[in-house]
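Structure file input_20.cif (mmCIF, C-alpha atoms and all ligand atoms) follows.
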```cif
data_run
loop_
_atom_site.label_atom_id
_atom_site.label_comp_id
_atom_site.auth_asym_id
_atom_site.auth_seq_id
_atom_site.Cartn_x
_atom_site.Cartn_y
_atom_site.Cartn_z
CA MET E 1 42.07 -42.42 16.24
CA LYS E 2 39.73 -39.61 15.19
CA PHE E 3 40.04 -36.35 13.26
CA THR E 4 41.52 -33.58 15.42
CA VAL E 5 39.19 -30.84 16.65
CA GLY E 6 40.82 -28.47 14.16
CA GLN E 7 40.33 -30.89 11.29
CA GLN E 8 36.69 -31.46 12.23
CA GLN E 9 36.08 -27.75 12.40
CA ARG E 10 37.65 -27.13 9.00
CA ILE E 11 35.57 -29.89 7.41
CA ARG E 12 32.43 -28.39 8.93
CA GLU E 13 33.33 -24.94 7.61
CA LEU E 14 33.86 -26.18 4.07
CA ASP E 15 31.05 -28.74 3.93
CA ILE E 16 28.38 -26.74 2.10
CA HIS E 17 25.76 -29.47 1.92
CA ASN E 18 26.76 -31.57 4.94
CA GLU E 19 28.14 -34.37 2.78
CA TYR E 20 30.88 -35.23 5.24
CA ILE E 21 29.20 -34.44 8.53
CA GLY E 22 28.51 -38.16 9.12
CA GLN E 23 32.20 -39.03 8.68
CA LEU E 24 33.54 -36.69 11.35
CA GLU E 25 33.52 -39.47 13.96
CA GLU E 26 35.34 -41.97 11.75
CA ASP E 27 38.06 -44.09 13.42
CA PHE E 28 41.49 -44.44 11.82
CA ALA E 29 44.30 -46.95 12.43
CA ASP E 30 47.03 -44.29 12.67
CA HIS E 31 47.97 -40.63 12.10
CA GLU E 32 48.97 -41.20 8.54
CA ALA E 33 45.67 -42.78 7.52
CA ARG E 34 43.77 -40.01 9.27
CA ASP E 35 45.78 -37.12 7.87
CA SER E 36 45.70 -38.42 4.34
CA LYS E 37 41.92 -38.87 4.55
CA TYR E 38 41.64 -35.34 5.94
CA LYS E 39 43.74 -33.92 3.09
CA GLU E 40 41.58 -35.70 0.55
CA ILE E 41 38.33 -34.39 2.05
CA GLU E 42 39.73 -30.88 2.55
CA ASN E 43 40.89 -30.69 -1.07
CA ARG E 44 37.60 -31.89 -2.44
CA LEU E 45 35.57 -29.50 -0.27
CA ALA E 46 37.87 -26.54 -0.99
CA GLN E 47 37.35 -27.26 -4.69
CA LYS E 48 33.57 -27.23 -4.22
CA ASN E 49 33.62 -23.92 -2.39
CA LYS E 50 35.83 -22.47 -5.09
CA GLN E 51 33.49 -23.72 -7.78
CA ARG E 52 30.54 -22.18 -5.98
CA LEU E 53 32.35 -18.82 -5.80
CA GLU E 54 33.26 -19.06 -9.50
CA GLU E 55 29.62 -19.74 -10.39
CA LEU E 56 28.44 -16.86 -8.24
CA THR E 57 30.85 -14.38 -9.84
CA SER E 58 30.52 -15.56 -13.45
CA LYS E 59 26.93 -16.76 -13.77
CA ASP E 60 24.54 -15.92 -10.92
CA PHE E 61 25.94 -12.50 -9.96
CA GLN E 62 23.52 -12.40 -7.02
CA PRO E 63 23.40 -14.48 -3.88
CA GLN E 64 20.45 -16.79 -3.39
CA LEU E 65 19.06 -14.51 -0.68
CA ARG E 66 18.63 -11.69 -3.20
CA ARG E 67 17.17 -14.00 -5.83
CA LEU E 68 14.68 -15.37 -3.30
CA THR E 69 13.72 -11.82 -2.30
CA ARG E 70 13.15 -10.93 -5.95
CA ASP E 71 11.08 -14.09 -6.58
CA LEU E 72 8.96 -13.44 -3.50
CA SER E 73 8.27 -9.85 -4.56
CA ALA E 74 7.09 -11.14 -7.94
CA ILE E 75 4.89 -13.85 -6.39
CA LEU E 76 3.34 -11.34 -4.01
CA ALA E 77 2.73 -8.82 -6.80
CA GLU E 78 0.80 -11.58 -8.61
CA ILE E 79 -1.58 -11.81 -5.66
CA GLU E 80 -1.70 -8.02 -5.38
CA PHE E 81 0.42 -7.36 -2.31
CA THR E 82 2.17 -3.97 -2.27
CA GLU E 83 5.69 -3.61 -0.91
CA VAL E 84 6.29 -0.99 1.78
CA ILE E 85 9.62 0.36 3.03
CA THR E 86 9.81 1.50 6.64
CA PRO E 87 12.55 2.58 9.08
CA LEU E 88 14.96 0.15 10.72
CA LYS E 89 15.03 2.39 13.80
CA LEU E 90 11.97 2.17 16.04
CA ALA E 91 10.94 4.41 18.92
CA ARG E 92 10.62 2.59 22.23
CA GLY E 93 6.92 3.39 22.37
CA LYS E 94 6.31 1.23 19.30
CA ILE E 95 7.77 -1.77 21.10
CA GLU E 96 5.64 -1.10 24.15
CA ARG E 97 2.54 -0.78 21.98
CA MET E 98 3.26 -4.33 20.77
CA GLY E 99 2.66 -5.46 24.34
CA LEU E 100 6.37 -6.18 24.81
CA THR E 101 7.43 -5.44 28.35
CA GLU E 102 10.65 -6.12 30.21
CA GLU E 103 9.29 -9.54 31.24
CA HIS E 104 8.79 -10.67 27.64
CA PRO E 105 11.54 -12.98 26.28
CA LEU E 106 11.93 -10.83 23.15
CA TRP E 107 12.72 -7.76 25.29
CA LYS E 108 16.16 -9.12 26.15
CA GLN E 109 16.86 -9.64 22.47
CA ILE E 110 16.46 -6.00 21.53
CA TYR E 111 19.40 -3.84 20.44
CA TRP E 112 18.79 -0.45 22.06
CA LEU E 113 20.02 2.87 20.68
CA GLU E 114 20.36 6.37 22.06
CA GLY E 115 19.85 5.54 25.73
CA ARG E 116 16.94 3.15 25.08
CA GLU E 117 14.85 5.82 23.36
CA TYR E 118 15.06 3.80 20.14
CA CYS E 119 15.98 0.32 19.01
CA LEU E 120 16.80 -1.60 15.85
CA ARG E 121 13.61 -3.30 14.74
CA PRO E 122 13.38 -6.90 15.99
CA MET E 123 10.31 -7.49 13.75
CA HIS E 124 8.22 -5.71 11.14
CA ALA E 125 4.91 -5.88 13.01
CA PRO E 126 4.97 -2.42 14.67
CA ASN E 127 5.63 -0.56 11.41
CA LEU E 128 3.14 -2.69 9.48
CA TYR E 129 0.45 -2.09 12.11
CA ASP E 130 1.14 1.62 11.86
CA ILE E 131 0.86 1.70 8.07
CA LEU E 132 -2.21 -0.55 8.02
CA SER E 133 -4.09 1.63 10.43
CA ARG E 134 -3.56 4.62 8.12
CA LEU E 135 -4.38 2.71 4.94
CA GLU E 136 -7.51 1.24 6.57
CA LYS E 137 -8.92 4.75 6.70
CA ALA E 138 -7.47 6.01 3.42
CA ILE E 139 -8.11 3.41 0.72
CA SER E 140 -10.58 0.68 -0.19
CA LEU E 141 -10.40 -2.75 1.43
CA PRO E 142 -8.86 -5.31 1.48
CA VAL E 143 -5.40 -3.80 2.06
CA LYS E 144 -2.49 -6.14 1.27
CA ILE E 145 1.04 -5.06 2.12
CA PHE E 146 4.40 -6.64 2.84
CA GLU E 147 7.86 -5.58 3.88
CA VAL E 148 11.10 -7.45 3.38
CA GLY E 149 14.22 -6.34 5.16
CA THR E 150 16.64 -6.74 8.00
CA CYS E 151 15.52 -7.37 11.58
CA PHE E 152 17.86 -7.49 14.55
CA ARG E 153 17.76 -9.77 17.59
CA LYS E 154 20.36 -10.70 20.18
CA GLU E 155 20.48 -14.47 19.99
CA SER E 156 22.47 -16.95 22.02
CA SER E 157 21.96 -20.13 20.02
CA GLY E 158 23.89 -20.38 16.78
CA ARG E 159 22.83 -22.88 14.16
CA GLU E 160 19.45 -21.42 13.21
CA HIS E 161 19.80 -17.85 14.43
CA LEU E 162 21.52 -14.74 13.14
CA SER E 163 21.68 -11.44 14.99
CA GLU E 164 20.71 -9.65 11.75
CA PHE E 165 18.40 -11.53 9.41
CA THR E 166 15.98 -10.88 6.58
CA MET E 167 12.32 -11.17 7.39
CA LEU E 168 9.48 -11.01 4.94
CA ASN E 169 6.29 -10.03 6.69
CA LEU E 170 2.99 -9.79 4.83
CA VAL E 171 -0.42 -8.84 6.09
CA GLU E 172 -3.86 -8.73 4.52
CA LEU E 173 -6.42 -6.54 6.22
CA ALA E 174 -10.11 -7.40 5.82
CA PRO E 175 -9.61 -10.59 3.78
CA GLU E 176 -12.70 -11.91 2.05
CA GLU E 177 -12.09 -15.42 3.38
CA GLU E 178 -11.95 -16.54 7.00
CA PRO E 179 -8.50 -15.22 8.11
CA LEU E 180 -6.85 -18.51 9.09
CA GLN E 181 -7.96 -20.12 5.84
CA ARG E 182 -6.74 -17.08 3.91
CA LEU E 183 -3.37 -17.32 5.66
CA LYS E 184 -3.05 -20.99 4.70
CA ASN E 185 -3.95 -20.17 1.11
CA ILE E 186 -1.33 -17.42 0.89
CA VAL E 187 1.33 -19.76 2.31
CA ALA E 188 0.29 -22.41 -0.22
CA VAL E 189 0.66 -19.97 -3.14
CA ILE E 190 4.12 -18.86 -1.98
CA MET E 191 5.51 -22.32 -1.26
CA GLU E 192 4.07 -23.85 -4.43
CA GLU E 193 5.54 -21.07 -6.57
CA LEU E 194 8.91 -21.56 -4.87
CA ALA E 195 8.54 -25.35 -5.25
CA ILE E 196 9.38 -25.96 -1.59
CA ASP E 197 7.67 -28.73 0.41
CA TYR E 198 6.36 -27.56 3.75
CA GLU E 199 4.17 -28.46 6.69
CA ILE E 200 1.86 -26.28 8.75
CA THR E 201 1.19 -26.60 12.46
CA VAL E 202 -1.64 -24.67 14.08
CA GLU E 203 -1.37 -23.82 17.75
CA GLU E 204 -3.91 -22.40 20.12
CA SER E 205 -2.26 -19.75 22.28
CA GLU E 206 -4.14 -18.03 25.09
CA VAL E 207 -2.49 -14.68 24.50
CA TYR E 208 -2.18 -14.66 20.74
CA GLY E 209 -5.20 -16.74 19.72
CA GLU E 210 -4.49 -19.09 16.85
CA THR E 211 -0.95 -19.05 15.47
CA ILE E 212 0.51 -21.11 12.68
CA ASP E 213 4.07 -22.18 12.02
CA VAL E 214 5.42 -23.13 8.62
CA LEU E 215 8.06 -25.87 8.73
CA VAL E 216 10.51 -26.95 6.04
CA GLU E 217 12.47 -30.15 6.74
CA GLY E 218 11.21 -29.88 10.32
CA ILE E 219 12.68 -26.37 10.79
CA GLU E 220 10.45 -23.37 11.58
CA VAL E 221 10.74 -20.94 8.68
CA GLY E 222 7.71 -18.79 9.35
CA SER E 223 5.14 -17.85 11.98
CA GLY E 224 1.71 -16.48 11.22
CA ALA E 225 -1.15 -15.01 13.19
CA VAL E 226 -4.64 -13.73 12.55
CA GLY E 227 -6.84 -10.97 13.87
CA PRO E 228 -9.05 -9.70 15.40
CA HIS E 229 -6.31 -9.68 17.99
CA GLU E 230 -6.07 -8.09 21.42
CA LEU E 231 -3.34 -5.73 20.19
CA ASP E 232 -5.48 -4.32 17.38
CA GLN E 233 -7.11 -1.70 19.57
CA ALA E 234 -3.78 -0.16 20.53
CA TRP E 235 -3.09 0.36 16.83
CA ASP E 236 -6.60 1.48 15.97
CA ILE E 237 -7.26 -1.45 13.65
CA SER E 238 -10.88 -2.54 13.33
CA HIS E 239 -10.98 -5.23 10.64
CA SER E 240 -9.85 -8.85 10.69
CA TRP E 241 -6.44 -9.72 9.22
CA ALA E 242 -4.08 -12.52 8.31
CA GLY E 243 -0.30 -12.09 8.51
CA ILE E 244 2.92 -14.06 8.50
CA GLY E 245 6.65 -13.46 8.99
CA ILE E 246 9.08 -15.68 7.08
CA GLY E 247 12.83 -15.75 7.77
CA LEU E 248 14.54 -15.83 4.38
CA GLU E 249 17.97 -17.08 5.47
CA ARG E 250 16.18 -19.73 7.54
CA LEU E 251 14.15 -20.76 4.51
CA ILE E 252 17.27 -21.10 2.32
CA MET E 253 19.10 -22.97 5.07
CA ALA E 254 16.24 -25.46 5.47
CA LYS E 255 15.73 -25.92 1.74
CA GLU E 256 19.43 -26.34 0.94
CA GLY E 257 20.14 -28.49 3.99
CA PHE E 258 22.92 -26.19 5.21
CA GLY E 259 24.38 -27.14 8.60
CA SER E 260 24.38 -23.52 9.74
CA ILE E 261 22.45 -20.38 8.90
CA SER E 262 25.64 -18.29 9.04
CA ARG E 263 26.56 -19.57 5.56
CA ILE E 264 23.76 -17.56 4.09
CA GLY E 265 23.55 -14.48 6.34
CA ARG E 266 25.45 -11.18 6.15
CA SER E 267 29.06 -12.28 6.43
CA LEU E 268 32.72 -11.61 5.72
CA ILE E 269 33.52 -15.34 5.97
CA TYR E 270 30.88 -16.81 3.68
CA GLN E 271 29.21 -15.57 0.53
CA ASP E 272 26.17 -17.38 -0.80
CA GLY E 273 26.92 -20.55 1.13
CA ALA E 274 30.61 -20.76 0.16
CA ARG E 275 33.53 -20.28 2.53
CA LEU E 276 35.87 -17.47 1.45
CA ASN E 277 39.14 -18.60 3.06
CA ILE E 278 39.90 -21.59 0.87
P1 LIG E 301 12.74 -19.08 16.78
O1 LIG E 301 11.73 -19.75 17.68
O2 LIG E 301 13.25 -19.95 15.71
O3 LIG E 301 13.80 -18.34 17.52
P2 LIG E 301 10.77 -17.05 16.59
O4 LIG E 301 9.51 -17.85 16.71
O5 LIG E 301 11.28 -16.27 17.74
O6 LIG E 301 11.95 -17.94 15.99
P3 LIG E 301 9.36 -15.25 14.91
O7 LIG E 301 9.25 -14.07 15.76
O8 LIG E 301 8.22 -16.18 14.75
O9 LIG E 301 10.65 -16.06 15.34
O10 LIG E 301 9.90 -14.74 13.47
C1 LIG E 301 9.42 -15.21 12.23
C2 LIG E 301 10.50 -15.94 11.46
O11 LIG E 301 11.71 -15.17 11.38
C3 LIG E 301 10.94 -17.25 12.11
O12 LIG E 301 10.06 -18.29 11.77
C4 LIG E 301 12.31 -17.45 11.50
O13 LIG E 301 12.22 -17.99 10.19
C5 LIG E 301 12.82 -16.04 11.38
N1 LIG E 301 13.73 -15.70 12.48
C6 LIG E 301 13.42 -15.30 13.73
N2 LIG E 301 14.50 -15.04 14.46
C7 LIG E 301 15.56 -15.27 13.64
C8 LIG E 301 16.96 -15.17 13.79
N3 LIG E 301 17.53 -14.76 14.92
N4 LIG E 301 17.75 -15.49 12.74
C9 LIG E 301 17.21 -15.89 11.58
N5 LIG E 301 15.89 -16.00 11.36
C10 LIG E 301 15.07 -15.70 12.37
MG MG E 302 7.96 -18.16 15.49
#
```
Could you quickly redo this structure as structure tokens?
Amino acid sequence: MKFTVGQQQRIRELDIHNEYIGQLEEDFADHEARDSKYKEIENRLAQKNKQRLEELTSKDFQPQLRRLTRDLSAILAEIEFTEVITPLKLARGKIERMGLTEEHPLWKQIYWLEGREYCLRPMHAPNLYDILSRLEKAISLPVKIFEVGTCFRKESSGREHLSEFTMLNLVELAPEEEPLQRLKNIVAVIMEELAIDYEITVEESEVYGETIDVLVEGIEVGSGAVGPHELDQAWDISHSWAGIGIGLERLIMAKEGFGSISRIGRSLIYQDGARLNI
């Protein structure tokens, strides 16, 4: 006899670090054995969640997502990237200028506003392109900027996707090194400072040229690209560039080995990995 569906679900909800995930299929001789094992696990996990909430409210005072954001800002300041703050609401034309049309898979993921005149940003790229093209003409090169903030996408699959998530997107215009090498070096600085092991895969894409993915524990946490790029002309950009977008909840999920990204996203059920209804 196995744990009931309800029991399995409750264990999953409470199991911050997937300690018990392997035991969900365990076979028991009878109800009593099963229910007493369930009680024992539930108690222990509830205790852990409670402890985590106590720590958060008496010692850390900030969820890991905020601390990561702060650390990343400091690391990027060290390598002379400047933070920019841009609107969450994008005009439709900005999406179209990114080459996104109704046929593109990302199109269906967009949250539209005001009769499709505007949308909630699904990515930082349009605003960063816009700012770069102005800075390219206004200040000396190279220009290094980043934005960190919420992006919105309609997603159907759950474990690794949130409909509102925090993306850090950095871009260096006119790098002194070859752009792909520069991108790899920036990723190395960030991941070494954060002390997170990672892998890089480089893909050759016909439309986007060379793209790189950063993986942690086999999970994609970031995607980078380099220019010159066919979109650059539409944004009046004339120098080469290296850029990458990193999902911060995804990065924490992968690093901490959480079973689901919802533990770490904006939530009324979880805070900083811990379940609230315990
Ligand atoms: P995936 O293939 O995992 O859906 P993607 O390739 O569509 O992601 P990108 O556009 O490359 O995503 O975005 C850069 C990064 O932002 C991703 O590597 C990931 O870490 C993060 N990200 C993208 N979509 C989401 C989402 N819905 N929820 C959480 N993080 C996301
Ligand atoms: Mg990607």
Pull the closest atom pair for each residue of chain E that gets at most 10 Å from ligand LIG 301 (chain E), along with the distance in Å to one decimal, counting only C-alpha atoms and all ligand atoms, ordering rows by chain and then ascending residue number, as CSV.
```
residue,atom,partner,partner_atom,distance
E:Pro105,CA,E:LIG301,O5,9.2
E:Leu106,CA,E:LIG301,O5,7.7
E:Gln109,CA,E:LIG301,N3,9.1
E:Pro122,CA,E:LIG301,O7,8.3
E:Met123,CA,E:LIG301,O7,7.0
E:His124,CA,E:LIG301,O10,9.5
E:Ala125,CA,E:LIG301,O7,9.7
E:Thr150,CA,E:LIG301,C9,9.8
E:Cys151,CA,E:LIG301,C7,8.2
E:Phe152,CA,E:LIG301,N3,7.3
E:Arg153,CA,E:LIG301,N3,5.7
E:Lys154,CA,E:LIG301,N3,7.2
E:Glu155,CA,E:LIG301,N3,5.9
E:Ser156,CA,E:LIG301,N3,8.9
E:Ser157,CA,E:LIG301,N3,8.6
E:Gly158,CA,E:LIG301,N3,8.7
E:Arg159,CA,E:LIG301,N4,9.1
E:Glu160,CA,E:LIG301,C9,6.2
E:His161,CA,E:LIG301,N4,3.6
E:Leu162,CA,E:LIG301,N4,3.9
E:Ser163,CA,E:LIG301,N3,5.3
E:Glu164,CA,E:LIG301,N4,6.6
E:Phe165,CA,E:LIG301,C9,5.0
E:Thr166,CA,E:LIG301,N5,7.0
E:Met167,CA,E:LIG301,O11,5.7
E:Leu168,CA,E:LIG301,O11,8.0
E:Asn169,CA,E:LIG301,C1,8.2
E:Thr211,CA,E:LIG301,O8,9.6
E:Ile212,CA,E:LIG301,O8,9.4
E:Asp213,CA,E:LIG301,O12,7.1
E:Val214,CA,E:LIG301,O12,7.4
E:Leu215,CA,E:LIG301,O12,8.4
E:Ile219,CA,E:LIG301,O2,8.1
E:Glu220,CA,E:LIG301,O12,5.1
E:Val221,CA,E:LIG301,O13,3.6
E:Gly222,CA,E:LIG301,O12,3.4
E:Ser223,CA,E:LIG301,O8,4.5
E:Gly224,CA,E:LIG301,O8,7.4
E:Ala225,CA,E:LIG301,O8,9.6
E:Ile244,CA,E:LIG301,C1,7.6
E:Gly245,CA,E:LIG301,C1,4.6
E:Ile246,CA,E:LIG301,C2,4.6
E:Gly247,CA,E:LIG301,O13,3.4
E:Leu248,CA,E:LIG301,O13,6.6
E:Glu249,CA,E:LIG301,C9,6.3
E:Arg250,CA,E:LIG301,O13,5.1
E:Leu251,CA,E:LIG301,O13,6.6
E:Ile252,CA,E:LIG301,O13,9.9
E:Met253,CA,E:LIG301,C9,9.8
E:Ala254,CA,E:LIG301,O13,9.7
E:Ile261,CA,E:LIG301,C9,7.4
E:Ser262,CA,E:LIG301,C9,9.1
E:Gly265,CA,E:LIG301,C9,8.3
```
Just C-alpha atoms for this one: save the residues we selected as a PDB file, in the coordinates of the input.
```pdb
ATOM      1  CA  PRO E 105      11.540 -12.980  26.280  1.00  0.00           C
ATOM      2  CA  LEU E 106      11.930 -10.830  23.150  1.00  0.00           C
ATOM      3  CA  GLN E 109      16.860  -9.640  22.470  1.00  0.00           C
ATOM      4  CA  PRO E 122      13.380  -6.900  15.990  1.00  0.00           C
ATOM      5  CA  MET E 123      10.310  -7.490  13.750  1.00  0.00           C
ATOM      6  CA  HIS E 124       8.220  -5.710  11.140  1.00  0.00           C
ATOM      7  CA  ALA E 125       4.910  -5.880  13.010  1.00  0.00           C
ATOM      8  CA  THR E 150      16.640  -6.740   8.000  1.00  0.00           C
ATOM      9  CA  CYS E 151      15.520  -7.370  11.580  1.00  0.00           C
ATOM     10  CA  PHE E 152      17.860  -7.490  14.550  1.00  0.00           C
ATOM     11  CA  ARG E 153      17.760  -9.770  17.590  1.00  0.00           C
ATOM     12  CA  LYS E 154      20.360 -10.700  20.180  1.00  0.00           C
ATOM     13  CA  GLU E 155      20.480 -14.470  19.990  1.00  0.00           C
ATOM     14  CA  SER E 156      22.470 -16.950  22.020  1.00  0.00           C
ATOM     15  CA  SER E 157      21.960 -20.130  20.020  1.00  0.00           C
ATOM     16  CA  GLY E 158      23.890 -20.380  16.780  1.00  0.00           C
ATOM     17  CA  ARG E 159      22.830 -22.880  14.160  1.00  0.00           C
ATOM     18  CA  GLU E 160      19.450 -21.420  13.210  1.00  0.00           C
ATOM     19  CA  HIS E 161      19.800 -17.850  14.430  1.00  0.00           C
ATOM     20  CA  LEU E 162      21.520 -14.740  13.140  1.00  0.00           C
ATOM     21  CA  SER E 163      21.680 -11.440  14.990  1.00  0.00           C
ATOM     22  CA  GLU E 164      20.710  -9.650  11.750  1.00  0.00           C
ATOM     23  CA  PHE E 165      18.400 -11.530   9.410  1.00  0.00           C
ATOM     24  CA  THR E 166      15.980 -10.880   6.580  1.00  0.00           C
ATOM     25  CA  MET E 167      12.320 -11.170   7.390  1.00  0.00           C
ATOM     26  CA  LEU E 168       9.480 -11.010   4.940  1.00  0.00           C
ATOM     27  CA  ASN E 169       6.290 -10.030   6.690  1.00  0.00           C
ATOM     28  CA  THR E 211      -0.950 -19.050  15.470  1.00  0.00           C
ATOM     29  CA  ILE E 212       0.510 -21.110  12.680  1.00  0.00           C
ATOM     30  CA  ASP E 213       4.070 -22.180  12.020  1.00  0.00           C
ATOM     31  CA  VAL E 214       5.420 -23.130   8.620  1.00  0.00           C
ATOM     32  CA  LEU E 215       8.060 -25.870   8.730  1.00  0.00           C
ATOM     33  CA  ILE E 219      12.680 -26.370  10.790  1.00  0.00           C
ATOM     34  CA  GLU E 220      10.450 -23.370  11.580  1.00  0.00           C
ATOM     35  CA  VAL E 221      10.740 -20.940   8.680  1.00  0.00           C
ATOM     36  CA  GLY E 222       7.710 -18.790   9.350  1.00  0.00           C
ATOM     37  CA  SER E 223       5.140 -17.850  11.980  1.00  0.00           C
ATOM     38  CA  GLY E 224       1.710 -16.480  11.220  1.00  0.00           C
ATOM     39  CA  ALA E 225      -1.150 -15.010  13.190  1.00  0.00           C
ATOM     40  CA  ILE E 244       2.920 -14.060   8.500  1.00  0.00           C
ATOM     41  CA  GLY E 245       6.650 -13.460   8.990  1.00  0.00           C
ATOM     42  CA  ILE E 246       9.080 -15.680   7.080  1.00  0.00           C
ATOM     43  CA  GLY E 247      12.830 -15.750   7.770  1.00  0.00           C
ATOM     44  CA  LEU E 248      14.540 -15.830   4.380  1.00  0.00           C
ATOM     45  CA  GLU E 249      17.970 -17.080   5.470  1.00  0.00           C
ATOM     46  CA  ARG E 250      16.180 -19.730   7.540  1.00  0.00           C
ATOM     47  CA  LEU E 251      14.150 -20.760   4.510  1.00  0.00           C
ATOM     48  CA  ILE E 252      17.270 -21.100   2.320  1.00  0.00           C
ATOM     49  CA  MET E 253      19.100 -22.970   5.070  1.00  0.00           C
ATOM     50  CA  ALA E 254      16.240 -25.460   5.470  1.00  0.00           C
ATOM     51  CA  ILE E 261      22.450 -20.380   8.900  1.00  0.00           C
ATOM     52  CA  SER E 262      25.640 -18.290   9.040  1.00  0.00           C
ATOM     53  CA  GLY E 265      23.550 -14.480   6.340  1.00  0.00           C
TER      54      GLY E 265
END
```
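Using all atoms listed in the file, the smallest distance between any of E:Phe146, E:Tyr118, E:Trp241, E:Gly209 and Leu183 of chain E comes from E:Trp241.
With only C-alpha atoms and all ligand atoms as the atoms that count, the residue of E:Ser240, E:Thr201, E:Ile75, E:Asp272 with the shortest distance to ligand MG 302 (chain E) is E:Thr201.
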(Q) The residues within 12 Å of (22.0, -14.8, -3.6), using only C-alpha atoms and the coordinates of the file, should be reported as a PyMOL selection string; which are they? (A) chain E and resi 52-53+55-57+59-71+248-249+252+263-266+270-274
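Closest approach to ligand MG 302 (chain E) among E:Lys108, E:Pro142, E:Ser238, E:Glu203 is made by E:Glu203 (distances from all atoms listed in the file).
Interatomic distance, atom CA of Met1 of chain E against atom CA of Asp27 of chain E: 5.2 Å.
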Skip Glu78 of chain E itself and residues of its chain fewer than 3 positions away, then list as an mmCIF file with C-alpha atoms, in the frame of the given file all residues within 12 Å of it, counting all atoms listed in the file.
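Listed below is the output, around.cif:
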```cif
data_model
loop_
_atom_site.group_PDB
_atom_site.id
_atom_site.type_symbol
_atom_site.label_atom_id
_atom_site.label_comp_id
_atom_site.auth_asym_id
_atom_site.auth_seq_id
_atom_site.Cartn_x
_atom_site.Cartn_y
_atom_site.Cartn_z
ATOM 1 C CA ASP E 71 11.080 -14.090 -6.580
ATOM 2 C CA LEU E 72 8.960 -13.440 -3.500
ATOM 3 C CA SER E 73 8.270 -9.850 -4.560
ATOM 4 C CA ALA E 74 7.090 -11.140 -7.940
ATOM 5 C CA ILE E 75 4.890 -13.850 -6.390
ATOM 6 C CA PHE E 81 0.420 -7.360 -2.310
ATOM 7 C CA THR E 82 2.170 -3.970 -2.270
ATOM 8 C CA LYS E 144 -2.490 -6.140 1.270
ATOM 9 C CA ILE E 186 -1.330 -17.420 0.890
ATOM 10 C CA VAL E 189 0.660 -19.970 -3.140
ATOM 11 C CA ILE E 190 4.120 -18.860 -1.980
ATOM 12 C CA GLU E 193 5.540 -21.070 -6.570
#
```
(Q) As an exercise, work out the distance from atom CA of Glu256 of chain E to atom CA of Val216 of chain E in Å and give it to one decimal place. (A) 10.3 Å
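One finds atom CA of Thr4 of chain E at 12.7 Å from atom CA of Glu32 of chain E.
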Q: Find the residues around Ala46 of chain E up to 12 Å (all atoms listed in the file counted), leave out those fewer than 5 positions away in its own chain, and share them as a count of residues only.
A: 19
Could you complete segment 77-86 of chain E so that it carries N, CA, C and O atoms, and give it back as a PDB file, in the coordinates of the input?
```
ATOM      1  N   ALA E  77       3.361  -9.776  -5.867  1.00  0.00           N
ATOM      2  CA  ALA E  77       2.730  -8.820  -6.800  1.00  0.00           C
ATOM      3  C   ALA E  77       1.601  -9.520  -7.556  1.00  0.00           C
ATOM      4  O   ALA E  77       0.539  -8.932  -7.786  1.00  0.00           O
ATOM      5  N   GLU E  78       1.829 -10.791  -7.915  1.00  0.00           N
ATOM      6  CA  GLU E  78       0.800 -11.580  -8.610  1.00  0.00           C
ATOM      7  C   GLU E  78      -0.497 -11.638  -7.809  1.00  0.00           C
ATOM      8  O   GLU E  78      -1.584 -11.637  -8.374  1.00  0.00           O
ATOM      9  N   ILE E  79      -0.368 -11.760  -6.482  1.00  0.00           N
ATOM     10  CA  ILE E  79      -1.580 -11.810  -5.660  1.00  0.00           C
ATOM     11  C   ILE E  79      -1.870 -10.441  -5.014  1.00  0.00           C
ATOM     12  O   ILE E  79      -2.516 -10.341  -3.977  1.00  0.00           O
ATOM     13  N   GLU E  80      -1.333  -9.414  -5.665  1.00  0.00           N
ATOM     14  CA  GLU E  80      -1.700  -8.020  -5.380  1.00  0.00           C
ATOM     15  C   GLU E  80      -1.323  -7.506  -3.991  1.00  0.00           C
ATOM     16  O   GLU E  80      -2.071  -6.756  -3.365  1.00  0.00           O
ATOM     17  N   PHE E  81      -0.142  -7.951  -3.524  1.00  0.00           N
ATOM     18  CA  PHE E  81       0.420  -7.360  -2.310  1.00  0.00           C
ATOM     19  C   PHE E  81       1.372  -6.239  -2.720  1.00  0.00           C
ATOM     20  O   PHE E  81       2.130  -6.380  -3.677  1.00  0.00           O
ATOM     21  N   THR E  82       1.318  -5.128  -1.978  1.00  0.00           N
ATOM     22  CA  THR E  82       2.170  -3.970  -2.270  1.00  0.00           C
ATOM     23  C   THR E  82       3.317  -3.913  -1.271  1.00  0.00           C
ATOM     24  O   THR E  82       3.111  -4.060  -0.060  1.00  0.00           O
ATOM     25  N   GLU E  83       4.520  -3.674  -1.792  1.00  0.00           N
ATOM     26  CA  GLU E  83       5.690  -3.610  -0.910  1.00  0.00           C
ATOM     27  C   GLU E  83       5.764  -2.244  -0.220  1.00  0.00           C
ATOM     28  O   GLU E  83       5.547  -1.203  -0.854  1.00  0.00           O
ATOM     29  N   VAL E  84       6.069  -2.251   1.057  1.00  0.00           N
ATOM     30  CA  VAL E  84       6.290  -0.990   1.780  1.00  0.00           C
ATOM     31  C   VAL E  84       7.719  -0.990   2.322  1.00  0.00           C
ATOM     32  O   VAL E  84       8.320  -2.049   2.517  1.00  0.00           O
ATOM     33  N   ILE E  85       8.245   0.208   2.523  1.00  0.00           N
ATOM     34  CA  ILE E  85       9.620   0.360   3.030  1.00  0.00           C
ATOM     35  C   ILE E  85       9.553   1.256   4.246  1.00  0.00           C
ATOM     36  O   ILE E  85       9.095   2.399   4.151  1.00  0.00           O
ATOM     37  N   THR E  86       9.959   0.734   5.393  1.00  0.00           N
ATOM     38  CA  THR E  86       9.810   1.500   6.640  1.00  0.00           C
ATOM     39  C   THR E  86      11.154   1.548   7.386  1.00  0.00           C
ATOM     40  O   THR E  86      12.068   0.795   7.057  1.00  0.00           O
TER      41      THR E  86
END
```
